[in-house]
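my_file.cif (mmCIF, C-alpha atoms) appears below.
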```cif
data_input
#
loop_
_atom_site.label_atom_id
_atom_site.label_comp_id
_atom_site.auth_asym_id
_atom_site.auth_seq_id
_atom_site.Cartn_x
_atom_site.Cartn_y
_atom_site.Cartn_z
CA MET A 8 30.24 17.94 6.26
CA ASP A 9 28.74 14.89 4.55
CA SER A 10 25.70 14.89 6.83
CA VAL A 11 25.11 18.61 6.15
CA GLN A 12 25.40 18.02 2.43
CA TYR A 13 22.96 15.10 2.70
CA ARG A 14 20.37 17.26 4.45
CA GLN A 15 20.74 20.05 1.89
CA GLU A 16 20.54 17.81 -1.16
CA SER A 17 16.90 17.71 -2.23
CA VAL A 18 15.49 14.67 -3.96
CA LEU A 19 12.85 16.94 -5.52
CA ARG A 20 15.58 18.53 -7.65
CA HIS A 21 16.75 15.24 -9.06
CA PRO A 22 15.84 14.71 -12.75
CA GLY A 23 13.01 12.25 -13.16
CA TYR A 24 11.95 12.07 -9.53
CA LEU A 25 9.09 14.56 -9.82
CA ASN A 26 7.62 12.58 -12.72
CA PHE A 27 8.03 9.38 -10.72
CA ALA A 28 6.38 10.88 -7.63
CA ALA A 29 3.56 12.46 -9.63
CA SER A 30 2.79 9.18 -11.35
CA ARG A 31 2.67 7.25 -8.07
CA VAL A 32 0.68 9.89 -6.19
CA LEU A 33 -1.90 10.49 -8.91
CA SER A 34 -2.40 6.76 -9.45
CA SER A 35 -2.88 6.23 -5.71
CA LEU A 36 -5.20 9.22 -5.50
CA ALA A 37 -7.34 7.80 -8.29
CA PHE A 38 -7.43 4.30 -6.86
CA GLN A 39 -8.40 5.46 -3.36
CA SER A 40 -11.13 7.71 -4.70
CA ILE A 41 -12.66 4.92 -6.73
CA ALA A 42 -12.27 2.42 -3.87
CA VAL A 43 -14.50 4.49 -1.57
CA ALA A 44 -17.17 4.70 -4.24
CA MET A 45 -17.06 0.98 -5.00
CA GLY A 46 -17.09 0.01 -1.32
CA TRP A 47 -20.06 2.19 -0.46
CA MET A 48 -21.96 1.18 -3.61
CA ILE A 49 -21.52 -2.56 -3.11
CA TYR A 50 -22.53 -2.39 0.55
CA ASP A 51 -25.48 -0.14 -0.32
CA GLN A 52 -26.65 -2.76 -2.80
CA THR A 53 -26.01 -5.89 -0.73
CA HIS A 54 -25.86 -4.85 2.97
CA SER A 55 -23.49 -7.78 3.28
CA ALA A 56 -20.18 -8.13 5.10
CA PHE A 57 -19.51 -11.13 2.85
CA ALA A 58 -19.74 -8.90 -0.23
CA LEU A 59 -17.26 -6.46 1.31
CA GLY A 60 -14.94 -9.39 1.95
CA LEU A 61 -15.23 -10.43 -1.69
CA VAL A 62 -13.91 -7.02 -2.75
CA GLY A 63 -10.63 -7.80 -0.99
CA LEU A 64 -10.53 -11.32 -2.39
CA CYS A 65 -11.04 -10.08 -5.96
CA GLN A 66 -8.06 -7.76 -5.55
CA PHE A 67 -5.93 -10.45 -3.95
CA LEU A 68 -6.40 -13.38 -6.34
CA PRO A 69 -4.91 -11.63 -9.43
CA MET A 70 -1.89 -10.69 -7.35
CA VAL A 71 -1.33 -14.29 -6.29
CA MET A 72 -1.67 -15.63 -9.83
CA LEU A 73 0.54 -12.96 -11.41
CA THR A 74 3.30 -12.48 -8.80
CA PHE A 75 6.08 -14.41 -10.55
CA VAL A 76 5.04 -13.16 -14.01
CA VAL A 77 5.19 -9.61 -12.67
CA GLY A 78 8.68 -10.10 -11.25
CA GLN A 79 10.07 -11.42 -14.50
CA ALA A 80 8.41 -8.67 -16.52
CA ALA A 81 9.75 -5.95 -14.23
CA ASP A 82 13.30 -7.35 -14.54
CA HIS A 83 13.22 -7.87 -18.31
CA PHE A 84 11.20 -4.98 -19.79
CA ASP A 85 11.14 -1.20 -19.48
CA ARG A 86 9.52 -0.57 -16.11
CA ARG A 87 8.18 2.77 -17.28
CA ARG A 88 6.21 1.15 -20.09
CA ILE A 89 4.75 -1.43 -17.71
CA GLY A 90 3.58 1.40 -15.45
CA LEU A 91 2.09 3.21 -18.46
CA ILE A 92 0.06 0.19 -19.57
CA CYS A 93 -1.20 -0.48 -16.05
CA GLN A 94 -2.38 3.08 -15.49
CA LEU A 95 -4.12 3.21 -18.87
CA VAL A 96 -5.96 -0.03 -18.05
CA GLU A 97 -6.98 1.37 -14.67
CA GLY A 98 -8.18 4.59 -16.27
CA VAL A 99 -10.31 2.80 -18.85
CA THR A 100 -11.79 0.61 -16.09
CA ALA A 101 -12.71 3.71 -14.07
CA LEU A 102 -14.35 5.24 -17.14
CA MET A 103 -16.39 2.10 -17.82
CA LEU A 104 -17.53 2.00 -14.19
CA GLY A 105 -18.64 5.62 -14.44
CA LEU A 106 -20.59 4.97 -17.63
CA ALA A 107 -22.28 1.92 -16.10
CA ALA A 108 -23.20 3.88 -12.94
CA TRP A 109 -24.54 6.74 -15.07
CA GLN A 110 -26.79 4.32 -16.96
CA GLY A 111 -27.91 2.59 -13.74
CA MET A 112 -26.38 -0.69 -14.91
CA LEU A 113 -23.63 -1.14 -12.31
CA SER A 114 -24.40 -4.26 -10.30
CA ALA A 115 -22.48 -5.85 -7.41
CA SER A 116 -21.09 -8.49 -9.76
CA GLY A 117 -19.98 -5.79 -12.19
CA ILE A 118 -18.13 -4.00 -9.40
CA LEU A 119 -16.35 -7.22 -8.40
CA ILE A 120 -15.25 -7.82 -12.00
CA ALA A 121 -13.87 -4.29 -12.16
CA VAL A 122 -12.09 -4.83 -8.84
CA ALA A 123 -10.42 -7.94 -10.28
CA ILE A 124 -9.21 -5.98 -13.34
CA LEU A 125 -7.89 -3.19 -11.13
CA GLY A 126 -6.27 -5.79 -8.91
CA ALA A 127 -4.44 -7.32 -11.87
CA ALA A 128 -3.21 -3.90 -13.02
CA GLN A 129 -2.10 -3.00 -9.50
CA ALA A 130 -0.30 -6.34 -9.23
CA PHE A 131 1.96 -5.20 -12.07
CA GLU A 132 2.12 -1.49 -11.27
CA ARG A 133 3.09 -1.46 -7.58
CA PRO A 134 6.16 -3.74 -7.57
CA THR A 135 7.32 -2.42 -10.94
CA MET A 136 7.23 1.18 -9.76
CA ALA A 137 8.93 0.23 -6.50
CA ALA A 138 11.71 -1.46 -8.47
CA LEU A 139 12.00 1.59 -10.72
CA LEU A 140 12.81 4.09 -7.94
CA PRO A 141 16.47 3.04 -7.35
CA THR A 142 17.17 3.70 -11.05
CA VAL A 143 15.67 7.17 -10.83
CA VAL A 144 17.75 8.48 -7.91
CA PRO A 145 21.32 7.68 -6.80
CA ALA A 146 21.94 5.39 -3.83
CA SER A 147 22.84 8.39 -1.65
CA LEU A 148 19.29 9.72 -2.03
CA LEU A 149 17.42 6.42 -1.93
CA GLN A 150 16.47 6.46 1.75
CA LYS A 151 15.36 10.09 1.55
CA SER A 152 13.39 9.41 -1.63
CA ILE A 153 11.58 6.49 0.04
CA ALA A 154 10.55 8.68 2.98
CA THR A 155 9.52 11.53 0.67
CA THR A 156 7.52 9.24 -1.61
CA THR A 157 5.85 7.64 1.39
CA SER A 158 4.81 11.07 2.65
CA MET A 159 3.38 12.00 -0.75
CA MET A 160 1.59 8.67 -1.14
CA GLN A 161 0.02 8.95 2.28
CA THR A 162 -1.11 12.48 1.48
CA ALA A 163 -2.86 10.99 -1.54
CA LEU A 164 -4.48 8.49 0.79
CA VAL A 165 -5.87 11.43 2.76
CA ILE A 166 -7.22 13.33 -0.22
CA GLY A 167 -8.39 10.35 -2.29
CA PRO A 168 -10.91 8.85 0.17
CA SER A 169 -12.15 12.31 1.17
CA PHE A 170 -12.74 13.29 -2.46
CA GLY A 171 -14.27 9.91 -3.20
CA GLY A 172 -16.71 10.14 -0.30
CA LEU A 173 -17.63 13.78 -0.90
CA LEU A 174 -18.03 13.39 -4.66
CA TYR A 175 -20.08 10.23 -4.23
CA GLY A 176 -22.40 12.17 -1.90
CA VAL A 177 -22.93 14.72 -4.69
CA ASP A 178 -23.12 12.34 -7.66
CA GLU A 179 -22.21 8.65 -7.71
CA VAL A 180 -20.61 9.03 -11.16
CA ALA A 181 -18.23 11.82 -10.12
CA PRO A 182 -15.55 9.68 -8.35
CA PHE A 183 -15.18 7.46 -11.41
CA VAL A 184 -14.71 10.44 -13.73
CA LEU A 185 -12.13 11.95 -11.39
CA SER A 186 -10.23 8.66 -11.22
CA PHE A 187 -10.17 8.34 -15.02
CA VAL A 188 -8.62 11.81 -15.39
CA LEU A 189 -6.05 11.18 -12.65
CA PHE A 190 -4.99 7.81 -14.09
CA LEU A 191 -4.54 9.47 -17.49
CA ILE A 192 -2.29 12.22 -16.09
CA ALA A 193 -0.35 9.62 -14.08
CA SER A 194 0.34 7.64 -17.27
CA ILE A 195 1.77 10.75 -18.97
CA ASN A 196 4.14 11.25 -16.04
CA VAL A 197 5.33 7.65 -15.86
CA ILE A 198 6.44 7.57 -19.46
CA SER A 199 8.29 10.88 -18.91
CA ILE A 200 10.50 9.52 -16.11
CA ARG A 201 14.25 9.89 -16.67
CA THR A 202 16.38 7.14 -15.20
CA ALA A 203 19.74 7.91 -13.63
CA ARG A 204 21.48 4.66 -14.51
CA PRO A 205 21.43 2.36 -17.55
CA THR A 206 19.42 -0.80 -17.34
CA ALA A 207 21.45 -3.79 -16.21
CA VAL A 208 21.97 -6.84 -18.40
CA ARG A 209 19.13 -9.29 -17.74
CA GLN A 210 19.54 -12.99 -17.18
CA PRO A 211 17.62 -15.51 -19.32
CA VAL A 212 14.33 -16.78 -17.90
CA THR A 213 14.75 -20.09 -16.08
CA LEU A 214 12.83 -21.83 -13.32
CA ALA A 215 15.51 -20.78 -10.86
CA SER A 216 15.35 -17.14 -11.99
CA VAL A 217 11.55 -17.10 -11.65
CA PHE A 218 11.78 -18.04 -7.97
CA ALA A 219 14.99 -16.09 -7.31
CA GLY A 220 13.06 -13.43 -5.40
CA VAL A 221 11.74 -16.02 -2.95
CA SER A 222 15.20 -17.52 -2.49
CA PHE A 223 16.75 -14.11 -1.90
CA ILE A 224 14.19 -13.16 0.77
CA ARG A 225 14.64 -16.51 2.52
CA SER A 226 18.38 -15.88 2.65
CA LYS A 227 17.81 -12.58 4.48
CA PRO A 228 16.12 -13.34 7.87
CA VAL A 229 15.74 -9.66 8.68
CA ILE A 230 13.83 -8.98 5.44
CA LEU A 231 11.75 -12.14 5.85
CA GLY A 232 10.93 -11.25 9.43
CA THR A 233 10.00 -7.67 8.57
CA ILE A 234 7.67 -8.39 5.67
CA SER A 235 6.07 -11.42 7.34
CA LEU A 236 5.44 -9.39 10.51
CA ASP A 237 3.62 -6.80 8.44
CA LEU A 238 1.70 -9.55 6.65
CA PHE A 239 0.28 -11.21 9.74
CA ALA A 240 -0.24 -8.00 11.70
CA VAL A 241 -2.33 -6.31 9.00
CA LEU A 242 -3.99 -9.61 8.05
CA LEU A 243 -5.33 -9.92 11.60
CA GLY A 244 -5.66 -6.28 12.58
CA GLY A 245 -6.82 -4.62 9.36
CA ALA A 246 -10.27 -3.04 9.66
CA THR A 247 -10.50 -1.06 6.41
CA ALA A 248 -12.80 -3.59 4.72
CA LEU A 249 -15.37 -3.07 7.47
CA LEU A 250 -15.34 0.73 7.43
CA PRO A 251 -18.64 0.94 5.47
CA MET A 252 -20.26 -1.17 8.21
CA PHE A 253 -18.83 0.97 11.02
CA ALA A 254 -19.75 4.20 9.20
CA ARG A 255 -23.32 3.20 8.46
CA ASP A 256 -24.42 0.83 11.22
CA ILE A 257 -22.34 1.78 14.29
CA LEU A 258 -21.30 5.41 13.87
CA HIS A 259 -24.38 6.33 11.79
CA ALA A 260 -22.41 8.48 9.35
CA GLY A 261 -22.98 8.80 5.62
CA PRO A 262 -20.53 8.66 2.70
CA TRP A 263 -18.74 11.76 4.07
CA GLY A 264 -18.15 9.87 7.33
CA LEU A 265 -16.78 6.90 5.43
CA GLY A 266 -14.43 9.22 3.55
CA LEU A 267 -13.16 10.68 6.83
CA LEU A 268 -12.65 7.23 8.35
CA ARG A 269 -10.71 6.02 5.32
CA ALA A 270 -8.63 9.20 5.31
CA SER A 271 -7.75 9.05 9.03
CA PRO A 272 -5.08 6.31 8.82
CA ALA A 273 -3.51 8.16 5.92
CA ILE A 274 -3.40 11.42 7.89
CA GLY A 275 -1.57 9.60 10.68
CA ALA A 276 0.76 8.07 8.11
CA VAL A 277 1.52 11.48 6.58
CA VAL A 278 2.44 12.93 9.95
CA MET A 279 4.67 9.96 10.78
CA SER A 280 6.34 9.81 7.35
CA ILE A 281 7.18 13.54 7.49
CA TYR A 282 8.62 13.01 10.96
CA LEU A 283 10.69 10.03 9.79
CA ALA A 284 11.96 11.97 6.77
CA ARG A 285 13.26 14.67 9.11
CA TYR A 286 14.25 12.42 12.01
CA PRO A 287 15.09 8.96 10.61
CA LEU A 288 15.32 5.88 12.80
CA LYS A 289 19.04 6.06 13.56
CA THR A 290 19.01 3.69 16.56
CA ASP A 291 17.02 0.59 17.55
CA ALA A 292 14.96 0.66 14.35
CA GLY A 293 13.94 -2.98 14.82
CA ARG A 294 12.66 -2.54 18.37
CA LYS A 295 10.80 0.62 17.47
CA MET A 296 9.12 -1.18 14.59
CA LEU A 297 7.99 -4.01 16.90
CA TRP A 298 6.56 -1.50 19.36
CA ALA A 299 4.79 0.29 16.53
CA VAL A 300 3.11 -2.90 15.32
CA ALA A 301 1.93 -3.64 18.86
CA ILE A 302 0.46 -0.13 19.09
CA PHE A 303 -1.20 -0.79 15.72
CA GLY A 304 -3.03 -3.75 17.28
CA LEU A 305 -4.04 -1.79 20.37
CA ALA A 306 -5.39 1.12 18.29
CA THR A 307 -7.40 -1.35 16.21
CA MET A 308 -9.11 -2.57 19.38
CA VAL A 309 -9.93 1.00 20.43
CA PHE A 310 -11.47 1.67 17.02
CA ALA A 311 -13.57 -1.48 17.21
CA LEU A 312 -14.97 -0.53 20.62
CA SER A 313 -15.63 3.12 19.76
CA GLN A 314 -19.15 4.44 19.13
CA ASN A 315 -17.97 8.03 18.73
CA ILE A 316 -16.74 9.12 15.31
CA ALA A 317 -14.13 11.49 16.79
CA LEU A 318 -12.59 8.68 18.85
CA SER A 319 -12.77 6.36 15.83
CA ILE A 320 -10.93 8.91 13.70
CA GLY A 321 -8.28 9.30 16.41
CA ALA A 322 -7.77 5.55 16.71
CA LEU A 323 -7.41 5.18 12.94
CA PHE A 324 -4.92 8.08 12.98
CA VAL A 325 -2.75 6.05 15.39
CA VAL A 326 -3.22 2.95 13.21
CA GLY A 327 -1.82 4.81 10.19
CA ALA A 328 1.05 6.43 12.10
CA SER A 329 2.24 3.17 13.65
CA ASP A 330 1.91 1.23 10.39
CA THR A 331 4.09 3.80 8.59
CA ILE A 332 7.09 2.90 10.74
CA SER A 333 6.83 -0.68 9.49
CA VAL A 334 6.38 0.52 5.90
CA VAL A 335 9.51 2.70 5.93
CA VAL A 336 11.65 0.02 7.58
CA ARG A 337 10.46 -2.70 5.19
CA SER A 338 10.78 -0.58 2.05
CA SER A 339 14.25 0.66 2.95
CA LEU A 340 15.56 -2.82 3.70
CA VAL A 341 14.16 -4.32 0.51
CA GLN A 342 15.48 -1.57 -1.75
CA LEU A 343 18.90 -1.16 -0.14
CA LEU A 344 19.74 -4.86 0.19
CA THR A 345 18.52 -6.03 -3.24
CA PRO A 346 20.63 -5.79 -6.44
CA ASP A 347 18.89 -3.95 -9.29
CA GLU A 348 18.71 -6.99 -11.58
CA MET A 349 16.54 -8.73 -8.97
CA ARG A 350 14.47 -5.82 -7.69
CA GLY A 351 11.47 -6.67 -9.87
CA ARG A 352 11.22 -10.22 -8.53
CA VAL A 353 11.94 -9.28 -4.92
CA ASN A 354 9.46 -6.40 -5.00
CA ALA A 355 6.87 -8.68 -6.60
CA VAL A 356 7.16 -11.10 -3.68
CA ASN A 357 7.12 -8.19 -1.24
CA SER A 358 4.02 -6.84 -2.99
CA LEU A 359 2.41 -10.26 -2.62
CA PHE A 360 3.02 -10.12 1.12
CA ILE A 361 1.51 -6.64 1.26
CA GLY A 362 -1.44 -7.71 -0.86
CA THR A 363 -1.99 -10.76 1.30
CA SER A 364 -2.15 -8.60 4.40
CA ASN A 365 -4.39 -5.97 2.80
CA GLN A 366 -6.70 -7.67 0.29
CA LEU A 367 -6.82 -11.12 1.88
CA GLY A 368 -7.07 -9.37 5.23
CA GLU A 369 -10.19 -7.60 3.95
CA PHE A 370 -11.66 -10.95 2.92
CA GLU A 371 -10.77 -12.47 6.29
CA SER A 372 -12.32 -9.52 8.13
CA GLY A 373 -15.48 -9.77 6.06
CA MET A 374 -15.83 -13.48 6.77
CA VAL A 375 -15.23 -13.11 10.49
CA ALA A 376 -17.55 -10.11 10.70
CA ALA A 377 -20.31 -12.13 9.06
CA LEU A 378 -20.02 -14.58 11.98
CA LEU A 379 -19.00 -12.40 14.94
CA GLY A 380 -19.96 -8.88 13.89
CA PRO A 381 -17.58 -5.99 13.14
CA VAL A 382 -16.84 -5.02 16.76
CA MET A 383 -15.72 -8.46 17.88
CA THR A 384 -13.76 -8.88 14.65
CA GLY A 385 -11.74 -5.75 15.42
CA ILE A 386 -11.10 -6.82 19.02
CA VAL A 387 -9.95 -10.31 18.06
CA GLY A 388 -7.78 -8.90 15.27
CA GLY A 389 -6.10 -6.39 17.56
CA ILE A 390 -5.30 -9.06 20.14
CA GLY A 391 -3.99 -11.32 17.37
CA THR A 392 -1.66 -8.57 16.15
CA ILE A 393 -0.09 -8.18 19.58
CA VAL A 394 0.34 -11.95 19.87
CA VAL A 395 2.11 -11.98 16.49
CA VAL A 396 4.58 -9.34 17.70
CA LEU A 397 5.45 -11.46 20.73
CA LEU A 398 5.93 -14.55 18.55
CA TRP A 399 8.13 -12.70 16.03
CA ILE A 400 10.44 -11.51 18.80
CA ARG A 401 11.23 -15.17 19.44
CA LEU A 402 11.13 -16.45 15.84
CA PHE A 403 13.24 -13.61 14.37
CA PRO A 404 15.57 -12.42 17.15
CA ASP A 405 17.75 -10.55 14.63
CA LEU A 406 14.78 -8.30 13.89
CA ALA A 407 14.93 -6.69 17.32
CA ARG A 408 18.69 -6.17 16.87
CA VAL A 409 18.35 -3.97 13.76
CA LYS A 410 19.92 -0.65 14.68
CA THR A 411 19.70 1.36 11.45
CA LEU A 412 17.88 0.84 8.19
CA SER A 413 21.09 0.66 6.17
CA GLY A 414 23.17 -1.37 8.62
CA ALA A 415 20.82 -4.32 9.24
#
```
Take the structure I supplied and represent it as structure tokens, if you would.
Amino acid sequence: MDSVQYRQESVLRHPGYLNFAASRVLSSLAFQSIAVAMGWMIYDQTHSAFALGLVGLCQFLPMVMLTFVVGQAADHFDRRRIGLICQLVEGVTALMLGLAAWQGMLSASGILIAVAILGAAQAFERPTMAALLPTVVPASLLQKSIATTTSMMQTALVIGPSFGGLLYGVDEVAPFVLSFVLFLIASINVISIRTARPTAVRQPVTLASVFAGVSFIRSKPVILGTISLDLFAVLLGGATALLPMFARDILHAGPWGLGLLRASPAIGAVVMSIYLARYPLKTDAGRKMLWAVAIFGLATMVFALSQNIALSIGALFVVGASDTISVVVRSSLVQLLTPDEMRGRVNAVNSLFIGTSNQLGEFESGMVAALLGPVMTGIVGGIGTIVVVLLWIRLFPDLARVKTLSGA
């Protein structure tokens, strides 16, 4: 009876969740759209893998510097207001980029400065919104809400790059205007979110409380193993920073091709997240996650070797689908095993791990590609990902023993 009731209970009917989901999806849609435009524009101006690597570095550095400030802010202030401020900053940045592009004044250095501003705003927005979700829905709906939100976010990752690439092909200003509008609507939704539970009493700020998120993660080997596996796997195997190079120099596709390549992992992620929402990982979740990360590395190698855009799209589809298993496992463990008064700090550290794998991974890929070329970079990264999986099986044996997401 309980399981039937669980399946019938829809998270979409819960007060506040639709505003929460709309805010996250629209913000992601805007960011992905603008990211395609900035990536193509900076490579078109510089023809440099190093410059593409700098885009990732400029997103990563603000996250590193702000991580512990973000955690404290998310645990001491209204998380909805933090999200509002972040999305307004991102919207204004998108508008300024559009105006500069319209006037022909947008240089590579100007793009990197904008990336740093967006990176700082995202450093606050992502962990704060993640910490907000458990106060929007009851614990009984948390796992379902994570899967549903993941599906929606990945759908945004499909539409955003496609719109960004297509609009950029029509007019280079259009993606920036679209992003501004979407960030504005997202900010209206975030401030409209209704929370299901009152805010907990916050502890005073001390040195110990600042680093409490790190201490908590260290005390949970399964969480540490999960987020560090994702960090090193994506750090080595991530190829998204090099997509402009593959699209232009290897696959000989234009901005539309770049949009399709960027959308392909998200399409795979949507399919997998919908599947996981309907058929959750009830047994051997840890082992399945390890297998998925290994497949992630193998698919990265296939993409690097491909000279056919259809095969490249298929490989990136598998990359996104396999990565989603790790995302759902990690997100569920972090949210379910962390008390609300610490969720801001724990999610800030988790966000740092994610940012390290994504943004620093883009910088690493750009640097290696400048020396070895994009193809060899993808091959080496894929092999490295598989090696990391084998090492983590030995370093974190409890990870392979995780049976369910709630019982780890």
Counting only C-alpha atoms, which residues in range 394-414 of chain A sit no more than 9 Å from range 297-302 of chain A? For each one, give the nearest pair of atoms and the distance in Å, sorted by chain then residue number, as CSV.
```
residue,atom,partner,partner_atom,distance
A:Val394,CA,A:Ala301,CA,8.5
A:Val395,CA,A:Ala301,CA,8.7
A:Val396,CA,A:Leu297,CA,6.4
A:Leu397,CA,A:Leu297,CA,8.8
A:Trp399,CA,A:Leu297,CA,8.7
A:Ile400,CA,A:Leu297,CA,8.1
A:Leu406,CA,A:Leu297,CA,8.6
A:Ala407,CA,A:Leu297,CA,7.5
```
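Candidate residues A:Ile49, A:Val341, A:Ala42, A:Val76 were compared for distance to Ile230 in chain A, and the nearest is A:Val341, using only C-alpha atoms.
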Taking the file as shown, what set of residues would the PyMOL selection byres ((chain A and resi 193-203) around 12) give back, as a PyMOL selection string?
-> chain A and resi 21-38+85-99+132+135-136+138-146+148+186-192+204-206
Quick one: which residues end up in the PyMOL selection byres ((chain A and resi 71) around 10) for this structure, as a VMD selection string?
-> chain A and resid 66 to 70 72 to 75 127 130 355 to 356 358 to 360 362 to 363
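Here CA of Gln314 in chain A is placed at a distance of 28.2 Å from CA of Ser333 in chain A.
Here the question is which of A:Ala107, A:Met383, A:Leu238, A:Leu59 gets nearest to Met308 in chain A using only C-alpha atoms, and that residue is A:Met383.
With CA of Leu242 in chain A on one side and CA of Ser152 in chain A on the other, the separation reads 27.5 Å.
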Residue among A:Asp405, A:Ala311, A:Gln342, A:Pro262 lying closest to Leu149 in chain A, counting only C-alpha atoms | A:Gln342
Atom pair CA of Leu265 in chain A + CA of Phe310 in chain A, distance 13.8 Å
Nearest to Val77 in chain A: which of A:Arg285, A:Arg225, A:Arg255, A:Arg350 is it, counting only C-alpha atoms?
-> A:Arg350
Between A:His54, A:Arg133, A:Arg352, A:Arg20, smallest distance to Gly373 in chain A by only C-alpha atoms belongs to A:His54
Translate the PyMOL selection byres ((chain A and resi 232) around 9), as applied to the file shown, into an explicit residue set as an NGL selection string.
-> :A and (227-231 or 233-237 or 399 or 402-403 or 405-406)
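Distances here use all atoms listed in the file; by that measure, the residue among A:His83, A:Arg337, A:Lys410, A:Lys151 closest to Lys295 in chain A is A:Lys410.
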Taking the block just given, write range 57-63 of chain A to a file that holds all heavy atoms, as a tab-separated table (two decimals), in the first residue's frame.
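See decode-v5.tsv below for the written result:
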```
chain	number	residue	atom	x	y	z
A	57	PHE	N	44.07	27.03	-25.65
A	57	PHE	CA	44.42	27.66	-24.37
A	57	PHE	C	43.32	28.60	-23.92
A	57	PHE	O	42.95	28.64	-22.75
A	57	PHE	CB	45.74	28.41	-24.51
A	57	PHE	CG	46.19	29.09	-23.25
A	57	PHE	CD1	46.79	28.38	-22.23
A	57	PHE	CD2	46.01	30.46	-23.08
A	57	PHE	CE1	47.20	29.00	-21.06
A	57	PHE	CE2	46.42	31.09	-21.92
A	57	PHE	CZ	47.02	30.36	-20.91
A	58	ALA	N	42.77	29.38	-24.88
A	58	ALA	CA	41.70	30.32	-24.55
A	58	ALA	C	40.45	29.57	-24.09
A	58	ALA	O	39.77	29.99	-23.16
A	58	ALA	CB	41.37	31.20	-25.74
A	59	LEU	N	40.14	28.44	-24.74
A	59	LEU	CA	39.01	27.63	-24.30
A	59	LEU	C	39.23	27.10	-22.89
A	59	LEU	O	38.30	27.02	-22.09
A	59	LEU	CB	38.79	26.47	-25.27
A	59	LEU	CG	38.22	26.83	-26.65
A	59	LEU	CD1	38.16	25.59	-27.53
A	59	LEU	CD2	36.84	27.45	-26.52
A	60	GLY	N	40.47	26.73	-22.60
A	60	GLY	CA	40.80	26.27	-21.25
A	60	GLY	C	40.63	27.37	-20.22
A	60	GLY	O	40.20	27.12	-19.09
A	61	LEU	N	40.95	28.60	-20.60
A	61	LEU	CA	40.80	29.73	-19.69
A	61	LEU	C	39.34	29.98	-19.32
A	61	LEU	O	39.05	30.47	-18.23
A	61	LEU	CB	41.40	30.99	-20.31
A	61	LEU	CG	42.93	31.08	-20.35
A	61	LEU	CD1	43.36	32.37	-21.03
A	61	LEU	CD2	43.52	30.98	-18.95
A	62	VAL	N	38.41	29.65	-20.22
A	62	VAL	CA	36.99	29.80	-19.92
A	62	VAL	C	36.64	28.96	-18.69
A	62	VAL	O	35.97	29.42	-17.76
A	62	VAL	CB	36.12	29.40	-21.12
A	62	VAL	CG1	34.64	29.38	-20.73
A	62	VAL	CG2	36.34	30.36	-22.28
A	63	GLY	N	37.10	27.70	-18.69
A	63	GLY	CA	36.85	26.84	-17.55
A	63	GLY	C	37.52	27.34	-16.28
A	63	GLY	O	36.94	27.29	-15.19
```
